[in-house]
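Trainee: Contents are mmCIF, C-alpha atoms, pLDDT in the B column; chains and numbers go by the auth columns; file name my_file-v3.cif:
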data_work
#
loop_
_atom_site.group_PDB
_atom_site.id
_atom_site.type_symbol
_atom_site.label_atom_id
_atom_site.label_comp_id
_atom_site.label_asym_id
_atom_site.label_seq_id
_atom_site.Cartn_x
_atom_site.Cartn_y
_atom_site.Cartn_z
_atom_site.B_iso_or_equiv
_atom_site.auth_seq_id
_atom_site.auth_asym_id
ATOM 1 C CA MET A 1 66.080 19.843 -102.721 65.00 1 K
ATOM 2 C CA SER A 2 66.341 19.493 -98.984 72.00 2 K
ATOM 3 C CA SER A 3 64.500 16.507 -97.542 84.00 3 K
ATOM 4 C CA PRO A 4 60.950 17.389 -96.562 90.00 4 K
ATOM 5 C CA VAL A 5 60.168 17.374 -92.861 94.00 5 K
ATOM 6 C CA TYR A 6 57.075 15.355 -91.997 95.00 6 K
ATOM 7 C CA VAL A 7 55.339 15.814 -88.636 96.00 7 K
ATOM 8 C CA ALA A 8 52.881 12.973 -88.039 95.00 8 K
ATOM 9 C CA ASN A 9 50.502 14.932 -85.803 96.00 9 K
ATOM 10 C CA CYS A 10 50.285 17.885 -88.237 97.00 10 K
ATOM 11 C CA ILE A 11 47.113 17.689 -90.310 97.00 11 K
ATOM 12 C CA PHE A 12 48.638 19.676 -93.186 98.00 12 K
ATOM 13 C CA CYS A 13 51.701 17.399 -93.308 97.00 13 K
ATOM 14 C CA ARG A 14 49.342 14.446 -93.421 98.00 14 K
ATOM 15 C CA ILE A 15 47.251 16.034 -96.191 98.00 15 K
ATOM 16 C CA ALA A 16 50.277 17.096 -98.277 97.00 16 K
ATOM 17 C CA HIS A 17 51.670 13.553 -98.075 96.00 17 K
ATOM 18 C CA ARG A 18 48.286 11.960 -98.890 96.00 18 K
ATOM 19 C CA LYS A 19 47.920 10.378 -95.445 97.00 19 K
ATOM 20 C CA ALA A 20 44.690 12.287 -94.748 97.00 20 K
ATOM 21 C CA PRO A 21 41.831 13.025 -97.141 97.00 21 K
ATOM 22 C CA SER A 22 41.500 16.297 -99.033 98.00 22 K
ATOM 23 C CA THR A 23 40.017 17.646 -102.235 98.00 23 K
ATOM 24 C CA SER A 24 43.142 18.300 -104.275 97.00 24 K
ATOM 25 C CA VAL A 25 43.224 21.002 -106.933 98.00 25 K
ATOM 26 C CA TYR A 26 46.941 21.343 -107.785 98.00 26 K
ATOM 27 C CA GLU A 27 50.329 19.899 -106.847 98.00 27 K
ATOM 28 C CA THR A 28 54.008 20.532 -107.542 98.00 28 K
ATOM 29 C CA LYS A 29 57.224 19.006 -106.246 97.00 29 K
ATOM 30 C CA TYR A 30 57.173 21.481 -103.320 98.00 30 K
ATOM 31 C CA SER A 31 53.516 22.437 -102.756 98.00 31 K
ATOM 32 C CA TYR A 32 50.068 20.927 -102.454 98.00 32 K
ATOM 33 C CA ALA A 33 46.794 22.842 -102.945 98.00 33 K
ATOM 34 C CA PHE A 34 43.406 21.669 -101.742 98.00 34 K
ATOM 35 C CA LEU A 35 39.949 23.083 -101.055 98.00 35 K
ATOM 36 C CA ASP A 36 39.362 24.454 -97.543 98.00 36 K
ATOM 37 C CA ILE A 37 36.812 22.374 -95.588 97.00 37 K
ATOM 38 C CA SER A 38 35.467 25.571 -93.946 96.00 38 K
ATOM 39 C CA PRO A 39 35.447 27.924 -96.928 98.00 39 K
ATOM 40 C CA LEU A 40 34.697 31.627 -96.762 97.00 40 K
ATOM 41 C CA SER A 41 33.531 31.416 -100.390 98.00 41 K
ATOM 42 C CA GLU A 42 33.351 28.924 -103.232 98.00 42 K
ATOM 43 C CA GLY A 43 36.851 27.973 -104.391 98.00 43 K
ATOM 44 C CA HIS A 44 38.592 28.918 -101.089 98.00 44 K
ATOM 45 C CA THR A 45 41.829 26.955 -101.416 98.00 45 K
ATOM 46 C CA LEU A 46 44.817 26.310 -99.170 98.00 46 K
ATOM 47 C CA VAL A 47 48.346 26.035 -100.563 98.00 47 K
ATOM 48 C CA VAL A 48 50.781 24.245 -98.249 98.00 48 K
ATOM 49 C CA PRO A 49 54.461 23.391 -98.588 98.00 49 K
ATOM 50 C CA LYS A 50 55.248 19.660 -98.597 98.00 50 K
ATOM 51 C CA THR A 51 57.619 20.197 -95.693 98.00 51 K
ATOM 52 C CA HIS A 52 56.741 21.219 -92.166 98.00 52 K
ATOM 53 C CA ALA A 53 57.404 24.765 -90.981 97.00 53 K
ATOM 54 C CA GLU A 54 55.173 26.610 -88.555 97.00 54 K
ATOM 55 C CA PHE A 55 56.232 30.112 -89.598 98.00 55 K
ATOM 56 C CA LEU A 56 56.989 31.557 -93.030 97.00 56 K
ATOM 57 C CA HIS A 57 60.502 32.652 -91.969 95.00 57 K
ATOM 58 C CA GLU A 58 61.298 29.016 -91.044 96.00 58 K
ATOM 59 C CA LEU A 59 60.568 27.749 -94.552 96.00 59 K
ATOM 60 C CA SER A 60 63.502 27.186 -96.927 95.00 60 K
ATOM 61 C CA ASP A 61 63.634 29.382 -100.018 95.00 61 K
ATOM 62 C CA GLU A 62 63.115 26.439 -102.374 96.00 62 K
ATOM 63 C CA TYR A 63 59.705 25.718 -100.843 97.00 63 K
ATOM 64 C CA LEU A 64 58.890 29.375 -100.303 97.00 64 K
ATOM 65 C CA ALA A 65 59.593 30.231 -103.961 97.00 65 K
ATOM 66 C CA ASP A 66 56.939 27.743 -105.068 98.00 66 K
ATOM 67 C CA LEU A 67 54.041 28.928 -102.908 98.00 67 K
ATOM 68 C CA LEU A 68 53.098 32.194 -104.643 97.00 68 K
ATOM 69 C CA PRO A 69 53.256 30.838 -108.198 98.00 69 K
ATOM 70 C CA VAL A 70 50.936 28.034 -107.068 98.00 70 K
ATOM 71 C CA ALA A 71 48.630 30.557 -105.349 98.00 71 K
ATOM 72 C CA LYS A 72 48.562 32.544 -108.603 98.00 72 K
ATOM 73 C CA LYS A 73 47.522 29.437 -110.569 98.00 73 K
ATOM 74 C CA ILE A 74 44.751 28.766 -108.058 98.00 74 K
ATOM 75 C CA ALA A 75 43.526 32.379 -108.272 98.00 75 K
ATOM 76 C CA VAL A 76 43.385 32.099 -112.061 98.00 76 K
ATOM 77 C CA GLY A 77 41.684 28.703 -111.780 98.00 77 K
ATOM 78 C CA THR A 78 38.885 30.080 -109.602 98.00 78 K
ATOM 79 C CA LYS A 79 38.092 32.708 -112.265 97.00 79 K
ATOM 80 C CA ALA A 80 37.484 35.143 -109.406 97.00 80 K
ATOM 81 C CA GLU A 81 37.601 38.773 -110.465 97.00 81 K
ATOM 82 C CA HIS A 82 38.405 39.760 -106.877 98.00 82 K
ATOM 83 C CA TYR A 83 40.242 37.612 -104.311 98.00 83 K
ATOM 84 C CA ASN A 84 42.468 37.731 -101.253 98.00 84 K
ATOM 85 C CA ILE A 85 45.787 35.981 -100.736 98.00 85 K
ATOM 86 C CA LEU A 86 46.257 35.490 -96.996 97.00 86 K
ATOM 87 C CA GLN A 87 49.119 34.031 -94.975 98.00 87 K
ATOM 88 C CA ASN A 88 49.129 34.188 -91.152 97.00 88 K
ATOM 89 C CA ASN A 89 52.025 33.490 -88.764 97.00 89 K
ATOM 90 C CA GLY A 90 51.286 32.609 -85.150 96.00 90 K
ATOM 91 C CA LYS A 91 48.147 32.385 -83.048 96.00 91 K
ATOM 92 C CA GLU A 92 47.979 36.134 -82.409 96.00 92 K
ATOM 93 C CA ALA A 93 47.957 36.589 -86.198 96.00 93 K
ATOM 94 C CA HIS A 94 45.044 34.115 -86.496 95.00 94 K
ATOM 95 C CA GLN A 95 47.048 31.103 -87.704 95.00 95 K
ATOM 96 C CA ALA A 96 44.753 28.176 -86.862 96.00 96 K
ATOM 97 C CA VAL A 97 47.032 25.329 -88.028 97.00 97 K
ATOM 98 C CA GLY A 98 50.731 25.359 -87.116 96.00 98 K
ATOM 99 C CA HIS A 99 51.953 24.674 -90.662 98.00 99 K
ATOM 100 C CA VAL A 100 52.664 27.411 -93.217 98.00 100 K
ATOM 101 C CA HIS A 101 49.725 27.819 -95.567 98.00 101 K
ATOM 102 C CA ILE A 102 48.401 30.373 -97.990 98.00 102 K
ATOM 103 C CA HIS A 103 44.691 30.976 -98.388 98.00 103 K
ATOM 104 C CA VAL A 104 43.382 31.877 -101.839 98.00 104 K
ATOM 105 C CA ILE A 105 39.937 33.299 -101.091 98.00 105 K
ATOM 106 C CA PRO A 106 37.628 34.403 -103.907 98.00 106 K
ATOM 107 C CA LYS A 107 35.673 37.576 -103.023 97.00 107 K
ATOM 108 C CA PRO A 108 32.494 37.388 -105.160 96.00 108 K
ATOM 109 C CA ASN A 109 30.557 39.986 -103.147 96.00 109 K
ATOM 110 C CA GLN A 110 30.524 41.885 -99.836 94.00 110 K
ATOM 111 C CA GLU A 111 28.914 39.003 -97.922 94.00 111 K
ATOM 112 C CA GLU A 112 31.219 36.166 -99.027 95.00 112 K
ATOM 113 C CA GLY A 113 34.974 35.810 -98.850 95.00 113 K
ATOM 114 C CA LEU A 114 37.325 37.495 -96.439 95.00 114 K
ATOM 115 C CA GLY A 115 36.108 40.422 -94.368 93.00 115 K
ATOM 116 C CA ILE A 116 38.862 42.658 -93.059 88.00 116 K
ATOM 117 C CA LYS A 117 38.956 45.269 -90.358 87.00 117 K
ATOM 118 C CA TRP A 118 42.030 47.468 -90.875 86.00 118 K
ATOM 119 C CA PRO A 119 42.706 49.628 -87.784 90.00 119 K
ATOM 120 C CA ALA A 120 45.200 51.933 -89.493 93.00 120 K
ATOM 121 C CA LYS A 121 47.231 54.378 -87.392 94.00 121 K
ATOM 122 C CA GLU A 122 48.386 57.800 -88.461 95.00 122 K
ATOM 123 C CA VAL A 123 52.181 58.184 -88.327 94.00 123 K
ATOM 124 C CA SER A 124 54.612 60.799 -89.541 94.00 124 K
ATOM 125 C CA PRO A 125 57.707 60.167 -91.662 94.00 125 K
ATOM 126 C CA ASP A 126 59.754 61.020 -88.547 95.00 126 K
ATOM 127 C CA GLN A 127 58.097 58.135 -86.712 96.00 127 K
ATOM 128 C CA LEU A 128 58.646 55.730 -89.617 96.00 128 K
ATOM 129 C CA ALA A 129 62.364 56.430 -90.117 95.00 129 K
ATOM 130 C CA PRO A 130 63.663 54.689 -86.933 96.00 130 K
ATOM 131 C CA ILE A 131 61.373 51.723 -87.539 96.00 131 K
ATOM 132 C CA ALA A 132 62.723 51.338 -91.073 96.00 132 K
ATOM 133 C CA GLN A 133 66.288 51.622 -89.785 96.00 133 K
ATOM 134 C CA ARG A 134 65.749 48.836 -87.201 96.00 134 K
ATOM 135 C CA ILE A 135 64.287 46.561 -89.879 96.00 135 K
ATOM 136 C CA ILE A 136 67.144 47.307 -92.303 95.00 136 K
ATOM 137 C CA GLU A 137 69.751 46.582 -89.619 95.00 137 K
ATOM 138 C CA GLU A 138 68.096 43.270 -88.736 95.00 138 K
ATOM 139 C CA ILE A 139 67.908 42.233 -92.394 93.00 139 K
ATOM 140 C CA GLU A 140 71.562 43.095 -92.939 93.00 140 K
ATOM 141 C CA LYS A 141 72.580 41.267 -89.746 92.00 141 K
ATOM 142 C CA ASN A 142 70.742 38.156 -90.921 87.00 142 K
ATOM 143 C CA SER A 143 72.000 38.452 -94.512 82.00 143 K
ATOM 144 C CA GLU A 144 75.737 38.521 -93.796 71.00 144 K
ATOM 145 C CA GLY A 145 77.597 36.873 -96.639 60.00 145 K
ATOM 146 C CA SER A 146 74.758 37.596 -99.023 59.00 146 K
ATOM 147 C CA SER A 147 75.190 39.965 -101.962 53.00 147 K
ATOM 148 C CA GLU A 148 71.684 41.346 -101.428 58.00 148 K
ATOM 149 C CA LYS A 149 71.641 44.778 -99.825 52.00 149 K
ATOM 150 C CA ILE A 150 69.043 47.463 -99.234 52.00 150 K
#
As structure tokens - that is how I would like this structure written.

Mentor:
Amino acid sequence: MSSPVYVANCIFCRIAHRKAPSTSVYETKYSYAFLDISPLSEGHTLVVPKTHAEFLHELSDEYLADLLPVAKKIAVGTKAEHYNILQNNGKEAHQAVGHVHIHVIPKPNQEEGLGIKWPAKEVSPDQLAPIAQRIIEEIEKNSEGSSEKI
């Protein structure tokens, strides 16, 4: 395990390291889960890595690999039939705290939980092909030396 990075002025670092109060619901070696203080619905929980990273792509795989299994346990623990798993990266993507976190948000009805506006665009396969190719090339460029290929 790489040594966790602690940033003293980051509220989620402080919470994950028990230096700020929270209502804890689950914890592992790599992650800490606690109830959101501004919930969208009952049981709205945040899962944070115990190391500081502002963006998901900055988080090491050992911490990253723990987040979704913890989110799954929280989802099961809420007994919500419907729920959202949300993870935002950057202010434009509505990330309010600069520390990776996953929201587990029960959706009990239309009024509570996460409301989403999805401004989908219509595109043709011809428009998608060059986008896919650029993404594939970037992944391969950043995966040199790895046995994983697309």

Trainee: Under the rule that all atoms listed in the file are counted, which of K:Lys107, K:Gln127, K:Lys79, K:Ser22 is the nearest residue to K:Leu35?

Mentor: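 For K:Leu35, the nearest of the candidates is K:Ser22.
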
Trainee: Which residues, named as in the file, does the PyMOL selection byres ((chain K and resi 16) around 10) pick out? Answer as a PDB file with C-alpha atoms, keeping the file's coordinate frame.

Mentor:
ATOM      1  CA  TYR K   6      57.075  15.355 -91.997  1.00 95.00           C
ATOM      2  CA  ILE K  11      47.113  17.689 -90.310  1.00 97.00           C
ATOM      3  CA  PHE K  12      48.638  19.676 -93.186  1.00 98.00           C
ATOM      4  CA  CYS K  13      51.701  17.399 -93.308  1.00 97.00           C
ATOM      5  CA  ARG K  14      49.342  14.446 -93.421  1.00 98.00           C
ATOM      6  CA  ILE K  15      47.251  16.034 -96.191  1.00 98.00           C
ATOM      7  CA  HIS K  17      51.670  13.553 -98.075  1.00 96.00           C
ATOM      8  CA  ARG K  18      48.286  11.960 -98.890  1.00 96.00           C
ATOM      9  CA  LYS K  19      47.920  10.378 -95.445  1.00 97.00           C
ATOM     10  CA  ALA K  20      44.690  12.287 -94.748  1.00 97.00           C
ATOM     11  CA  PRO K  21      41.831  13.025 -97.141  1.00 97.00           C
ATOM     12  CA  SER K  22      41.500  16.297 -99.033  1.00 98.00           C
ATOM     13  CA  SER K  24      43.142  18.300-104.275  1.00 97.00           C
ATOM     14  CA  GLU K  27      50.329  19.899-106.847  1.00 98.00           C
ATOM     15  CA  TYR K  30      57.173  21.481-103.320  1.00 98.00           C
ATOM     16  CA  SER K  31      53.516  22.437-102.756  1.00 98.00           C
ATOM     17  CA  TYR K  32      50.068  20.927-102.454  1.00 98.00           C
ATOM     18  CA  ALA K  33      46.794  22.842-102.945  1.00 98.00           C
ATOM     19  CA  PHE K  34      43.406  21.669-101.742  1.00 98.00           C
ATOM     20  CA  VAL K  47      48.346  26.035-100.563  1.00 98.00           C
ATOM     21  CA  VAL K  48      50.781  24.245 -98.249  1.00 98.00           C
ATOM     22  CA  PRO K  49      54.461  23.391 -98.588  1.00 98.00           C
ATOM     23  CA  LYS K  50      55.248  19.660 -98.597  1.00 98.00           C
ATOM     24  CA  THR K  51      57.619  20.197 -95.693  1.00 98.00           C
ATOM     25  CA  HIS K  52      56.741  21.219 -92.166  1.00 98.00           C
TER      26      HIS K  52
END

Trainee: Using the chain letters and numbering of this document, enumerate as a PyMOL selection string the residues selected by the PyMOL selection byres ((chain K and resi 72-74) around 9).

Mentor: chain K and resi 25-26+33+43+45+47+67-71+75-79+104

Trainee: Please evaluate the PyMOL selection byres ((chain K and resi 55) around 10) against the displayed coordinates and give the resulting residues as a list in words.

Mentor: His52, Ala53, Glu54, Leu56, His57, Glu58, Leu59, Gln87, Asn88, Asn89, Gly90, Gln95, Gly98, His99, Val100 and His101 of chain K

Trainee: Using all atoms listed in the file, which residues sit within 7 Å of K:Ile85 once same-chain residues fewer than 3 positions away are excluded, as an NGL selection string?

Mentor: :K and (102-105)

Trainee: With 6 Å added on each side, what axis-aligned box encloses every listed atom of stretch 130-142 of chain K? Give the centre and edge lengths in Å to one decimal, as lines of an AutoDock Vina configuration file.

Mentor:
center_x = 67.0
center_y = 46.4
center_z = -89.9
size_x = 23.2
size_y = 28.5
size_z = 18.0

Trainee: One number please: atom CA of K:Asp66 to atom CA of K:Asn84, in Å, one decimal.

Mentor: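 Spanning atom CA of K:Asp66 to atom CA of K:Asn84 is a straight-line distance of 18.0 Å.
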
Trainee: Closest to K:Ser38 among K:Pro108, K:Pro119, K:Gly113, K:Pro4, using only C-alpha atoms?

Mentor: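 That would be K:Gly113, the residue with the smallest distance to K:Ser38.
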
Trainee: Identify which of the residues K:Thr28, K:Ser60, K:Asn142, K:Gln133 lies closest to K:Ser2, counting all atoms listed in the file when measuring atom-to-atom distances.

Mentor: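 Distance minimum relative to K:Ser2 lands on K:Ser60.
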
Trainee: Using all atoms listed in the file, which residue out of K:Ser3, K:Glu144, K:Cys10, K:Glu62 lies closest to K:Ala96?

Mentor: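 Closest residue, counting all atoms listed in the file: K:Cys10.
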
Trainee: For K:Gln110, list every protein, DNA or RNA residue within 12 Å, evaluated using all atoms listed in the file, and leave out those in the same chain fewer than 2 positions away; present the list as a PyMOL selection string.

Mentor: chain K and resi 40-41+82-83+106-108+112-116

Trainee: Could you tell me how far atom CA of K:Leu86 lies from atom CA of K:Leu46, in Å and to one decimal?

Mentor: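 Between these atoms lies a distance of 9.5 Å.
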